[in-house]
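**Student:** I am attaching a structure below and will ask some questions about it afterwards.
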Amino acid sequence: MPRTGITAVAAREVDWIRTDIVALLLVLAMPLLAFTLLAGTFSNAVIRGLRIDVVDADRSATSAEFIQAISAAPGVDVAMRSSDLNGAMYAIRSGAAIAAVYIPENFERDLLAGRRPQLVGLYNRQFFTPGNIAASGIQAAVASAAAALPRPASSTRSFTPGSLVIEQYVLSNPALNYVQFLLRAVMPTVLHVMVAISGAFSVGSEFGRRRDVREWMSVSGGRPLAAMIGKLAPYLGIFALMMAGGFGVLHGIFGIPFRGDPILVAASALLLVTAYLSLGALFVLLVRNLAVGLTLTGIVCSPAFGFAGVGFPILGMGTFGRAWGAMLPLRWYVQILFDQAARGVPARYSLEPFLMLAGLAGALFCLAWLRARSVLRDPPPRPAPQPAIPISGRPTVARAFSAEYGRVLRDSGAFGLIVIGPLLYAALYPQPYVGQLIRDIPVAVVDDDNSEMSRAIVEALDAHEATAVAARPLNLVGAQEAIARREVFGVVSIPAGTERDVLKGQPARLPAFVDSAYFLLYNRATQGVLEATAAVSAELQVRTARPDGSLYHAALARTSPVEYLSEPLFNPTGSYASYVVPAAFILILQQSLLMGVATLGGVTHAQGGAEARRRRGRPAALVGQTLAHLALALPAYALYLVVLPRIYGYAASRHVLDLLVLAVPFILSVSLLGQFVGMLARRRETAVIMLISLGMPLFFLVGVAWPPEAIPPILRAASAAIPSTFGIDALVRVNQMGATIADVWRDWMSLWVLVGVYGLLACLVSASWTRGEGTR
């Protein structure tokens with residue numbers, strides 16, 4: 001008598017994974033490829049060599065010293081020397097430089113005369129991370145060069161109060177290692193999508209022609225609970241090993257320290273995998289269709305990174321963003337991971353997110369089991385073989401266009417990916433970022449001075465838009481506890497004697513401890529602390545002088561002989577939504593169209609065999625199909641590039657024709673790449689499985705979120721084969737930065753080259769298929 005029960009179901013599933021090429025791709029090849037791309041992309045932990053343009057209108061010895069100081073700054077490199085600001089703006093818009101420095105005429109003369117000349121730094125804040133790093137590097141270099149200037153002797157002696165000096169202490173990630181921050185969050189984010197797709201694929205395959213849901217139920221002994229546990233158990237083991245391997249790479253190869261409780265993190269990882277296996281299985285059991293189930297799973301899981309609170313903090317989200325994120329297991333796992341691995345807080349402070357994660361995992365598994373019990377007790381009939389596609393007449397462009405357009409409208413999987421998916425993403429993806437900016441980050445102040453000056457510092461911190469004084473602990477031990485409990489994200493200590501030192505004319509040092517586990521919170525909180533204390537310090541320096549008087553300007557010149565003006569371009573408010581959403585929208589459009597078109601290739605082979613696929617790859621058919629995809633995709637592009645920017649309030653170009661000129665080759669190249677991939681896929685689900693895990697690695701390879709100077713040359717060269725590398729760069733520069741087609745002509749030409757390359761490849765692959773070839 002054959003064995004039944006959980007073990008038998010698990011053994012059956014292992015045999016399926018071992019012999020099915022798509023299953024092997026899903027659980028082994030694609031996660032490893034995604035991890036390799038991410039590890040390679042972030043292999044340079046420190047960003048260096050960001051290209052800077054300098055406009056030196058003074059051409060003096062002093063301006064040369066400042067340029068030399070900027071060139072010596074660790075993160076930037078003076079790569080260009082434009083003659084005027086128009087040339088510098090062109091360099092920034094076209095991508096030749098991320099920032100520019102303008103040194104005005106008579107800079108040296110005004111400096112020697114004590115007139116406090118102005119030096120201007122312009123940086124591209126639309127490219128958020130590289131732009132901010134370049135701006136910080138330039139500002140630090142200018143401050144260093146100004147501090148090294150000789151002080152002119154004064155004929156009169158006057159009292160000058162001491163200054164307030166912030167001593168920064170970085171908590172959690174003192175080296176500000178981007179690999180430690182990004183890889184720790186991105187790797188489980190990519191894996192959780194693959195886990196959910198695996199759950200959907202393993203259950204959905206039972207409703208196809210290759211497997212039998214009745215056999216699955218029979219092997220389980222007629223027990224739905226045993227059927228579900230045995231079905232998902234092998235995937236739980238495989239992905240648990242992958243999670244462990246990811247930790248090994250992060251903490252072993254990259255040498256990133258682990259500070260917390262490994263048992264708690266391991267248990268959380270198992271709960272995360274269980275939750276998303278159950279979620280994928282639940283979607284397929286609800287619709288009892290593999291294609292639709294995969295589409296639903298991808299739509300829910302793909303934007304989860306934005307709701308997890310890594311890139312954009314939870315405290316900056318609106319009501320919907322917080323509520324939706326609270327229903328996602330990834331949100332709670334990331335909190336546990338960062339609390340334990342990065343921050344090293346006591347395990348008791350991770351109890352609440354652990355219980356939330358456990359509750360979600362248990363609830364999702366119970367829902368999947370209850371739905372399985374209903375479905376397995378009355379399983380649907382095995383689907384009949386799909387009717388073959390009629391093949392008659394010579395393919396023409398018009399016939400191919402009509403057939404492809406109708407095929408998308410009739411096929412639920414392709415229609416969901418190409419048409420419905422972008423509509424749902426348009427509503428869901430921007431929700432974490434609708435607040436645009438982070439305000440009122442809670443900080444604590446330990447005031448050991450209890451003076452008028454210390455109260456002024458507290459008031460300035462509370463009044464700054466970035467920070468809010470949320471706690472006043474008696475000592476640093478209490479402040480540390482508040483940070484561990486996530487009640488505050490920074491601490492400013494005002495030592496005893498601060499006011500006394502300032503009134504003696506001595507600098508007073510204020511230690512500031514800021515948690516860097518989440519970089520956006522760290523940068524914003526640090527900005528608030530520095531600017532608030534600088535305002536108090538400036539007020540002390542010029543307290544007795546009239547703001548429009550000579551004494552006021554003389555005092556400023558003594559403390560800061562050069563006025564540095566930092567001007568953010570294209571995203572002046574520093575809105576995270578204006579930075580991430582436009583680029584992510586274009587990637588969403590690419591991935592949706594790419595998967596939908598590639599899916600149609602598998603459908604064509606399943607219905608008509610190799611001959612139908614060969615006809616699909618003939619030049620006239622390719623042209624007609626590509627035009628059909630263009631017609632189907634253009635409304636979504638108009639929605640994403642023209643309508644949604646106005647709704648969500650970020651910059652967008654009024655020159656719609658320029659956007660169309662760029663969008664056409666981008667859509668055509670994506671369509672032809674999808675048709676090429678579809679020629680290689682003999683089953684419809686292969687395309688989704690091959691492509692869905694690569695979305696996030698491709699986003700970082702573009703150069704918008706992660707600077708191209710930090711990407712290894714081999715990966716940068718390989719990324720040129722993907723339309724998003726040129727499409728995102730060009731469309732963001734035109735739509736959000738006001739660039740023209742002339743500014744991005746290299747990207748535009750590269751897209752047309754990809755159109756030709758993928759069209760040729762699709763023709764060659766289709767011609768290689770022989771008549772009568774079987775399916776796999």
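The way I read the labels, and the way they are meant: chains A, B, ... in the order of the structure tokens, residue 1 as the first residue of every chain, and ligand 1 as the first ligand shown, with later ones counted on from there.
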Taking only residues of segment 213-246 of chain A that have an atom at most 10 Å from an atom of segment 356-374 of chain A, what is each one's shortest atom pair and its distance in Å to one decimal, using only C-alpha atoms, in chain and number order, as a tab-separated table?
**Tutor:**
residue	atom	partner	partner_atom	distance
A:Met217	CA	A:Arg373	CA	10.0
A:Gly222	CA	A:Arg373	CA	9.7
A:Arg223	CA	A:Arg373	CA	8.0
A:Pro224	CA	A:Arg373	CA	5.1
A:Leu225	CA	A:Trp369	CA	6.2
A:Ala226	CA	A:Trp369	CA	9.4
A:Ala227	CA	A:Ala372	CA	8.5
A:Met228	CA	A:Trp369	CA	6.5
A:Ile229	CA	A:Trp369	CA	8.9
**Student:** If you run DSSP on the backbone, which residues of segment 157-198 of chain A are strand (DSSP E), as a PyMOL selection string?
**Tutor:** chain A and resi 164-171
**Student:** So, counting only C-alpha atoms, which residue among A:Asp20, A:Glu487, A:Glu685, A:Asp449 is closest to Ala468 of chain A?
**Tutor:** A:Glu487
**Student:** Write out as a PyMOL selection string the residues lying within 9 Å of segment 491-505 of chain A, counting only C-alpha atoms and excluding same-chain residues fewer than 6 positions away.
**Tutor:** chain A and resi 159-164+166+443-454+457+475-476+479-480+483+511-515+529+540
**Student:** Calculate how many Å separate atom CA of Pro346 of chain A from atom CA of Pro188 of chain A, rounding to one decimal.
**Tutor:**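 Separation between atom CA of Pro346 of chain A and atom CA of Pro188 of chain A: 22.3 Å.
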**Student:** So what do you get for atom CA of Ser302 of chain A versus atom CA of Val213 of chain A, distance-wise?
**Tutor:** 28.2 Å
**Student:** Select from segment 383-478 of chain A everything DSSP, run on the backbone, classes as alpha helix (DSSP H), then give the selection as a CSV table (one decimal) with N, CA, C and O atoms, in the first residue's frame.
**Tutor:**
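As written to disk, selection_2.csv reads:
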chain,number,residue,atom,x,y,z
A,397,VAL,N,1.6,42.3,-41.1
A,397,VAL,CA,1.6,43.2,-40.0
A,397,VAL,C,0.2,43.5,-39.4
A,397,VAL,O,0.0,43.4,-38.2
A,398,ALA,N,-0.8,43.7,-40.3
A,398,ALA,CA,-2.1,44.0,-39.8
A,398,ALA,C,-2.7,42.7,-39.1
A,398,ALA,O,-3.4,42.9,-38.1
A,399,ARG,N,-2.5,41.5,-39.7
A,399,ARG,CA,-3.1,40.3,-39.1
A,399,ARG,C,-2.4,40.1,-37.7
A,399,ARG,O,-3.1,39.7,-36.8
A,400,ALA,N,-1.1,40.3,-37.7
A,400,ALA,CA,-0.4,40.0,-36.4
A,400,ALA,C,-0.8,41.0,-35.4
A,400,ALA,O,-1.0,40.7,-34.2
A,401,PHE,N,-1.0,42.3,-35.8
A,401,PHE,CA,-1.5,43.3,-34.8
A,401,PHE,C,-2.8,42.9,-34.2
A,401,PHE,O,-3.0,42.9,-33.0
A,402,SER,N,-3.8,42.5,-35.1
A,402,SER,CA,-5.1,42.2,-34.7
A,402,SER,C,-5.1,41.0,-33.8
A,402,SER,O,-5.8,40.9,-32.7
A,403,ALA,N,-4.4,39.9,-34.2
A,403,ALA,CA,-4.3,38.7,-33.4
A,403,ALA,C,-3.7,38.9,-32.0
A,403,ALA,O,-4.2,38.4,-31.0
A,404,GLU,N,-2.6,39.7,-32.0
A,404,GLU,CA,-1.9,39.9,-30.7
A,404,GLU,C,-2.8,40.8,-29.8
A,404,GLU,O,-2.9,40.5,-28.6
A,405,TYR,N,-3.4,41.8,-30.3
A,405,TYR,CA,-4.3,42.6,-29.5
A,405,TYR,C,-5.4,41.8,-28.9
A,405,TYR,O,-5.7,41.9,-27.7
A,406,GLY,N,-6.0,41.0,-29.7
A,406,GLY,CA,-7.1,40.1,-29.2
A,406,GLY,C,-6.6,39.1,-28.2
A,406,GLY,O,-7.3,38.8,-27.3
A,407,ARG,N,-5.4,38.6,-28.5
A,407,ARG,CA,-4.9,37.5,-27.6
A,407,ARG,C,-4.7,38.1,-26.2
A,407,ARG,O,-5.0,37.4,-25.2
A,408,VAL,N,-4.2,39.3,-26.1
A,408,VAL,CA,-4.0,39.9,-24.8
A,408,VAL,C,-5.3,40.2,-24.1
A,408,VAL,O,-5.5,39.9,-22.9
A,409,LEU,N,-6.3,40.6,-24.8
A,409,LEU,CA,-7.6,40.9,-24.2
A,409,LEU,C,-8.3,39.6,-23.7
A,409,LEU,O,-9.0,39.6,-22.7
A,410,ARG,N,-8.0,38.5,-24.4
A,410,ARG,CA,-8.7,37.2,-24.0
A,410,ARG,C,-8.0,36.4,-23.0
A,410,ARG,O,-8.6,35.7,-22.2
A,412,SER,N,-6.3,35.9,-19.5
A,412,SER,CA,-6.4,36.6,-18.2
A,412,SER,C,-5.1,36.9,-17.6
A,412,SER,O,-4.9,38.0,-17.0
A,413,GLY,N,-4.1,36.0,-17.8
A,413,GLY,CA,-2.8,36.3,-17.3
A,413,GLY,C,-2.1,37.5,-17.9
A,413,GLY,O,-1.6,38.4,-17.2
A,414,ALA,N,-2.1,37.5,-19.3
A,414,ALA,CA,-1.4,38.5,-20.0
A,414,ALA,C,-2.2,39.9,-19.8
A,414,ALA,O,-1.5,40.9,-19.6
A,415,PHE,N,-3.5,39.8,-19.8
A,415,PHE,CA,-4.3,41.0,-19.6
A,415,PHE,C,-4.0,41.6,-18.2
A,415,PHE,O,-3.9,42.8,-18.0
A,421,GLY,N,-2.4,45.2,-14.0
A,421,GLY,CA,-1.3,45.4,-13.1
A,421,GLY,C,-0.8,46.9,-13.0
A,421,GLY,O,-0.8,47.4,-11.9
A,422,PRO,N,-0.5,47.6,-14.1
A,422,PRO,CA,-0.2,49.0,-14.0
A,422,PRO,C,-1.2,49.8,-13.3
A,422,PRO,O,-0.9,50.8,-12.6
A,423,LEU,N,-2.5,49.5,-13.5
A,423,LEU,CA,-3.5,50.3,-12.9
A,423,LEU,C,-3.5,50.2,-11.4
A,423,LEU,O,-3.6,51.1,-10.6
A,424,LEU,N,-3.3,48.9,-10.9
A,424,LEU,CA,-3.3,48.7,-9.5
A,424,LEU,C,-2.0,49.2,-8.8
A,424,LEU,O,-2.1,49.8,-7.7
A,425,TYR,N,-0.9,49.1,-9.5
A,425,TYR,CA,0.4,49.7,-9.0
A,425,TYR,C,0.3,51.2,-8.9
A,425,TYR,O,0.8,51.8,-8.0
A,426,ALA,N,-0.4,51.8,-9.9
A,426,ALA,CA,-0.6,53.3,-9.9
A,426,ALA,C,-1.2,53.8,-8.6
A,426,ALA,O,-0.9,54.8,-8.0
A,427,ALA,N,-2.2,53.0,-8.1
A,427,ALA,CA,-2.9,53.3,-6.8
A,427,ALA,C,-2.1,52.9,-5.6
A,427,ALA,O,-2.1,53.6,-4.6
A,428,LEU,N,-1.4,51.8,-5.7
A,428,LEU,CA,-0.8,51.2,-4.5
A,428,LEU,C,0.7,51.7,-4.2
A,428,LEU,O,1.0,52.0,-3.1
A,452,GLU,N,19.9,79.2,30.6
A,452,GLU,CA,19.1,79.9,29.6
A,452,GLU,C,19.5,79.4,28.2
A,452,GLU,O,18.7,79.2,27.3
A,453,MET,N,20.8,79.2,28.0
A,453,MET,CA,21.3,78.8,26.7
A,453,MET,C,20.9,77.4,26.4
A,453,MET,O,20.5,77.1,25.2
A,454,SER,N,20.9,76.5,27.3
A,454,SER,CA,20.5,75.1,27.1
A,454,SER,C,19.0,75.1,26.7
A,454,SER,O,18.6,74.3,25.8
A,455,ARG,N,18.2,75.9,27.4
A,455,ARG,CA,16.8,76.0,27.0
A,455,ARG,C,16.6,76.5,25.6
A,455,ARG,O,15.7,76.1,24.9
A,456,ALA,N,17.4,77.4,25.2
A,456,ALA,CA,17.4,77.9,23.8
A,456,ALA,C,17.7,76.8,22.8
A,456,ALA,O,17.1,76.7,21.7
A,457,ILE,N,18.6,76.0,23.2
A,457,ILE,CA,19.0,74.8,22.3
A,457,ILE,C,17.8,73.9,22.2
A,457,ILE,O,17.5,73.4,21.1
A,458,VAL,N,17.2,73.6,23.3
A,458,VAL,CA,16.0,72.7,23.3
A,458,VAL,C,14.9,73.3,22.4
A,458,VAL,O,14.3,72.6,21.6
A,459,GLU,N,14.6,74.5,22.6
A,459,GLU,CA,13.6,75.2,21.8
A,459,GLU,C,13.9,75.2,20.3
A,459,GLU,O,13.0,75.0,19.5
A,460,ALA,N,15.2,75.4,20.0
A,460,ALA,CA,15.5,75.4,18.6
A,460,ALA,C,15.4,74.0,18.0
A,460,ALA,O,14.9,73.8,16.8
A,461,LEU,N,15.7,72.9,18.7
A,461,LEU,CA,15.6,71.6,18.2
A,461,LEU,C,14.1,71.2,18.0
A,461,LEU,O,13.7,70.6,17.1
A,462,ASP,N,13.3,71.7,19.0
A,462,ASP,CA,11.8,71.4,18.9
A,462,ASP,C,11.2,72.2,17.8
A,462,ASP,O,10.2,71.8,17.2
A,463,ALA,N,11.7,73.4,17.5
A,463,ALA,CA,11.1,74.2,16.4
A,463,ALA,C,11.5,73.8,15.0
A,463,ALA,O,10.8,74.2,14.1
A,476,LEU,N,22.2,59.7,30.1
A,476,LEU,CA,22.4,59.0,28.8
A,476,LEU,C,21.9,57.6,28.8
A,476,LEU,O,21.6,57.0,27.8
A,477,VAL,N,21.9,57.0,30.0
A,477,VAL,CA,21.4,55.6,30.1
A,477,VAL,C,19.9,55.6,29.8
A,477,VAL,O,19.5,54.7,29.0
A,478,GLY,N,19.2,56.5,30.3
A,478,GLY,CA,17.8,56.6,30.0
A,478,GLY,C,17.5,56.9,28.5
A,478,GLY,O,16.6,56.4,27.9
**Student:** Segment 304-315 of chain A: which residues within 6 Å, counting only C-alpha atoms, same-chain residues fewer than 3 positions away excluded, as a PyMOL selection string?
**Tutor:** chain A and resi 301+325+331+432
**Student:** Store the residues picked out above in a file with all heavy atoms, as a PDB file, in the first residue's frame.
**Tutor:**
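Saved to out11.pdb:
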ATOM      1  N   CYS A 301       3.113  41.541  -3.578  1.00  0.00           N
ATOM      2  CA  CYS A 301       4.436  41.413  -2.965  1.00  0.00           C
ATOM      3  C   CYS A 301       5.467  42.399  -3.516  1.00  0.00           C
ATOM      4  O   CYS A 301       6.342  42.856  -2.769  1.00  0.00           O
ATOM      5  CB  CYS A 301       4.957  39.985  -3.143  1.00  0.00           C
ATOM      6  SG  CYS A 301       3.991  38.756  -2.242  1.00  0.00           S
ATOM      7  N   GLY A 325       1.058  48.465   5.434  1.00  0.00           N
ATOM      8  CA  GLY A 325       2.333  47.890   5.843  1.00  0.00           C
ATOM      9  C   GLY A 325       2.189  46.973   7.036  1.00  0.00           C
ATOM     10  O   GLY A 325       2.882  45.947   7.132  1.00  0.00           O
ATOM     11  N   ARG A 331       7.089  43.731   6.673  1.00  0.00           N
ATOM     12  CA  ARG A 331       7.238  44.932   7.515  1.00  0.00           C
ATOM     13  C   ARG A 331       7.753  44.564   8.902  1.00  0.00           C
ATOM     14  O   ARG A 331       8.672  45.188   9.440  1.00  0.00           O
ATOM     15  CB  ARG A 331       5.886  45.641   7.564  1.00  0.00           C
ATOM     16  CG  ARG A 331       5.536  46.361   8.843  1.00  0.00           C
ATOM     17  CD  ARG A 331       6.087  47.753   8.897  1.00  0.00           C
ATOM     18  NE  ARG A 331       5.596  48.450  10.068  1.00  0.00           N
ATOM     19  CZ  ARG A 331       6.146  48.377  11.280  1.00  0.00           C
ATOM     20  NH1 ARG A 331       7.194  47.616  11.480  1.00  0.00           N
ATOM     21  NH2 ARG A 331       5.648  49.060  12.288  1.00  0.00           N
ATOM     22  N   PRO A 432       3.157  54.746   0.318  1.00  0.00           N
ATOM     23  CA  PRO A 432       4.066  55.007   1.450  1.00  0.00           C
ATOM     24  C   PRO A 432       4.688  56.397   1.411  1.00  0.00           C
ATOM     25  O   PRO A 432       5.111  56.904   2.454  1.00  0.00           O
ATOM     26  CB  PRO A 432       5.147  53.929   1.275  1.00  0.00           C
ATOM     27  CG  PRO A 432       4.556  52.895   0.407  1.00  0.00           C
ATOM     28  CD  PRO A 432       3.590  53.603  -0.481  1.00  0.00           C
TER      29      PRO A 432
END
**Student:** Given the choices A:Leu662, A:Leu236, A:Val287, A:Met595, which gets closest to Val732 of chain A if the distance is worked out from only C-alpha atoms?
**Tutor:**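 Of A:Leu662, A:Leu236, A:Val287, A:Met595, the one nearest Val732 of chain A, counting only C-alpha atoms, is A:Leu662.
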**Student:** Using only C-alpha atoms, which of the listed residues (A:Ser202, A:Ser268, A:Gln126, A:Gln436) sits closest to Phe283 of chain A?
**Tutor:**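 Checking each of A:Ser202, A:Ser268, A:Gln126, A:Gln436 against Phe283 of chain A, counting only C-alpha atoms, the winner is A:Ser202.
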**Student:** List as an mmCIF file with N, CA and C atoms, in the first residue's frame the protein and nucleic acid residues near Ser671 of chain A, meaning an atom at most 9 Å away when only C-alpha atoms are counted, but skip any in the same chain fewer than 6 places from it.
**Tutor:**
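Saved file out22.cif follows:
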data_model
loop_
_atom_site.group_PDB
_atom_site.id
_atom_site.type_symbol
_atom_site.label_atom_id
_atom_site.label_comp_id
_atom_site.auth_asym_id
_atom_site.auth_seq_id
_atom_site.Cartn_x
_atom_site.Cartn_y
_atom_site.Cartn_z
ATOM 1 N N GLN A 590 8.010 48.612 -17.334
ATOM 2 C CA GLN A 590 8.856 47.665 -18.061
ATOM 3 C C GLN A 590 8.572 46.229 -17.631
ATOM 4 N N LEU A 593 5.012 44.895 -18.744
ATOM 5 C CA LEU A 593 4.936 44.598 -20.175
ATOM 6 C C LEU A 593 5.846 43.434 -20.535
ATOM 7 N N LEU A 594 7.024 43.398 -19.954
ATOM 8 C CA LEU A 594 7.979 42.346 -20.262
ATOM 9 C C LEU A 594 7.427 40.973 -19.895
ATOM 10 N N VAL A 597 4.277 40.087 -22.206
ATOM 11 C CA VAL A 597 4.635 39.700 -23.573
ATOM 12 C C VAL A 597 5.325 38.338 -23.583
ATOM 13 N N ALA A 598 6.245 38.113 -22.644
ATOM 14 C CA ALA A 598 6.937 36.823 -22.593
ATOM 15 C C ALA A 598 5.961 35.697 -22.282
ATOM 16 N N GLN A 625 2.994 42.483 -33.837
ATOM 17 C CA GLN A 625 2.856 42.224 -32.399
ATOM 18 C C GLN A 625 3.424 43.369 -31.566
ATOM 19 N N THR A 626 4.557 43.905 -32.008
ATOM 20 C CA THR A 626 5.182 45.002 -31.277
ATOM 21 C C THR A 626 4.309 46.243 -31.315
ATOM 22 N N LEU A 627 3.689 46.498 -32.452
ATOM 23 C CA LEU A 627 2.775 47.646 -32.538
ATOM 24 C C LEU A 627 1.547 47.436 -31.653
ATOM 25 N N HIS A 629 1.553 45.790 -28.829
ATOM 26 C CA HIS A 629 2.020 46.056 -27.457
ATOM 27 C C HIS A 629 2.166 47.561 -27.228
ATOM 28 N N LEU A 630 2.625 48.281 -28.244
ATOM 29 C CA LEU A 630 2.746 49.731 -28.116
ATOM 30 C C LEU A 630 1.383 50.361 -27.873
ATOM 31 N N VAL A 755 16.201 47.986 -29.753
ATOM 32 C CA VAL A 755 15.081 47.580 -30.604
ATOM 33 C C VAL A 755 15.590 46.689 -31.738
ATOM 34 N N TYR A 758 17.157 43.150 -30.253
ATOM 35 C CA TYR A 758 16.194 42.155 -29.790
ATOM 36 C C TYR A 758 15.251 41.716 -30.898
#
**Student:** Env of Pro379 of chain A: 8 Å cut, atoms = only C-alpha atoms, seq-sep filter 3 positions within chain, self excluded. Answer as an MDAnalysis selection string.
**Tutor:** chainID A and resid 213:214 375:376
**Student:** Considering only C-alpha atoms, return as a list of chain:residue names whatever protein or nucleic-acid residues lie within 12 Å of segment 751-753 of chain A, sequence-local ones (same chain, fewer than 6 positions apart) excluded.
**Tutor:**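 My list of contacting residues is A:Val661, A:Leu662, A:Ala663, A:Val664, A:Pro665, A:Phe666, A:Ile667, A:Leu668, A:Ser669, A:Val670, A:Ser671, A:Leu672, A:Leu673, A:Ala720, A:Ala721, A:Ile722, A:Pro723, A:Ser724, A:Thr725, A:Phe726, A:Gly727, A:Ile728, A:Asp729, A:Ala730, A:Leu731, A:Val744, A:Trp745, A:Gly759, A:Leu760.
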**Student:** Mind dumping the selected residues with N, CA and C atoms as a short mmCIF file (atom, residue, chain, number, x, y, z; two decimals), in the first residue's frame?
**Tutor:**
data_model
loop_
_atom_site.label_atom_id
_atom_site.label_comp_id
_atom_site.auth_asym_id
_atom_site.auth_seq_id
_atom_site.Cartn_x
_atom_site.Cartn_y
_atom_site.Cartn_z
N VAL A 661 8.51 60.75 -27.69
CA VAL A 661 9.68 60.39 -28.51
C VAL A 661 10.57 59.40 -27.76
N LEU A 662 10.66 59.53 -26.44
CA LEU A 662 11.45 58.59 -25.64
C LEU A 662 10.68 57.31 -25.35
N ALA A 663 9.38 57.43 -25.09
CA ALA A 663 8.60 56.27 -24.70
C ALA A 663 8.48 55.25 -25.82
N VAL A 664 8.41 55.71 -27.07
CA VAL A 664 8.21 54.78 -28.19
C VAL A 664 9.36 53.77 -28.30
N PRO A 665 10.62 54.19 -28.41
CA PRO A 665 11.67 53.16 -28.48
C PRO A 665 11.80 52.35 -27.19
N PHE A 666 11.46 52.95 -26.05
CA PHE A 666 11.52 52.19 -24.80
C PHE A 666 10.49 51.05 -24.83
N ILE A 667 9.24 51.36 -25.19
CA ILE A 667 8.21 50.33 -25.25
C ILE A 667 8.55 49.28 -26.30
N LEU A 668 9.03 49.72 -27.46
CA LEU A 668 9.37 48.77 -28.53
C LEU A 668 10.49 47.84 -28.09
N SER A 669 11.50 48.37 -27.41
CA SER A 669 12.61 47.52 -26.98
C SER A 669 12.15 46.54 -25.91
N VAL A 670 11.29 46.98 -24.99
CA VAL A 670 10.77 46.07 -23.97
C VAL A 670 9.92 44.99 -24.62
N SER A 671 9.09 45.37 -25.58
CA SER A 671 8.25 44.39 -26.28
C SER A 671 9.09 43.34 -26.99
N LEU A 672 10.11 43.77 -27.71
CA LEU A 672 10.93 42.82 -28.45
C LEU A 672 11.78 41.96 -27.51
N LEU A 673 12.23 42.53 -26.39
CA LEU A 673 12.93 41.71 -25.41
C LEU A 673 11.97 40.65 -24.84
N ALA A 720 23.55 47.40 -19.76
CA ALA A 720 23.22 48.07 -21.02
C ALA A 720 22.32 47.20 -21.90
N ALA A 721 22.18 45.92 -21.56
CA ALA A 721 21.31 45.05 -22.33
C ALA A 721 19.85 45.17 -21.91
N ILE A 722 19.56 45.93 -20.86
CA ILE A 722 18.19 46.05 -20.34
C ILE A 722 17.65 47.44 -20.68
N PRO A 723 16.46 47.53 -21.27
CA PRO A 723 15.93 48.85 -21.66
C PRO A 723 15.80 49.84 -20.51
N SER A 724 15.52 49.36 -19.29
CA SER A 724 15.32 50.29 -18.17
C SER A 724 16.58 51.09 -17.85
N THR A 725 17.75 50.55 -18.15
CA THR A 725 18.98 51.28 -17.86
C THR A 725 19.00 52.62 -18.58
N PHE A 726 18.57 52.64 -19.82
CA PHE A 726 18.53 53.88 -20.59
C PHE A 726 17.17 54.58 -20.46
N GLY A 727 16.10 53.79 -20.37
CA GLY A 727 14.77 54.38 -20.34
C GLY A 727 14.51 55.17 -19.08
N ILE A 728 14.86 54.61 -17.91
CA ILE A 728 14.63 55.33 -16.67
C ILE A 728 15.48 56.59 -16.62
N ASP A 729 16.75 56.46 -16.97
CA ASP A 729 17.64 57.61 -16.94
C ASP A 729 17.11 58.74 -17.83
N ALA A 730 16.73 58.40 -19.07
CA ALA A 730 16.29 59.43 -20.00
C ALA A 730 14.95 60.02 -19.61
N LEU A 731 13.98 59.17 -19.26
CA LEU A 731 12.65 59.68 -18.96
C LEU A 731 12.62 60.51 -17.67
N VAL A 744 19.71 63.94 -23.74
CA VAL A 744 19.71 62.50 -23.47
C VAL A 744 19.78 61.69 -24.77
N TRP A 745 20.39 62.26 -25.78
CA TRP A 745 20.38 61.59 -27.08
C TRP A 745 21.10 60.25 -27.04
N GLY A 759 14.98 42.60 -31.83
CA GLY A 759 14.20 42.16 -32.99
C GLY A 759 14.95 41.11 -33.79
N LEU A 760 16.25 41.33 -33.99
CA LEU A 760 17.06 40.35 -34.72
C LEU A 760 17.16 39.04 -33.95
#
**Student:** When you count only C-alpha atoms, which of these residues is closest to Leu171 of chain A: A:Gly344, A:Tyr637, A:Gly49, A:Val469?
**Tutor:**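 Counting only C-alpha atoms, the residue closest to Leu171 of chain A is A:Gly344.
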**Student:** Go through A:Glu709, A:Glu531, A:Asp743, A:Glu567 and flag the residue nearest Asp658 of chain A, using only C-alpha atoms for the distances.
**Tutor:**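 Among A:Glu709, A:Glu531, A:Asp743, A:Glu567, it is A:Asp743 that comes nearest to Asp658 of chain A.
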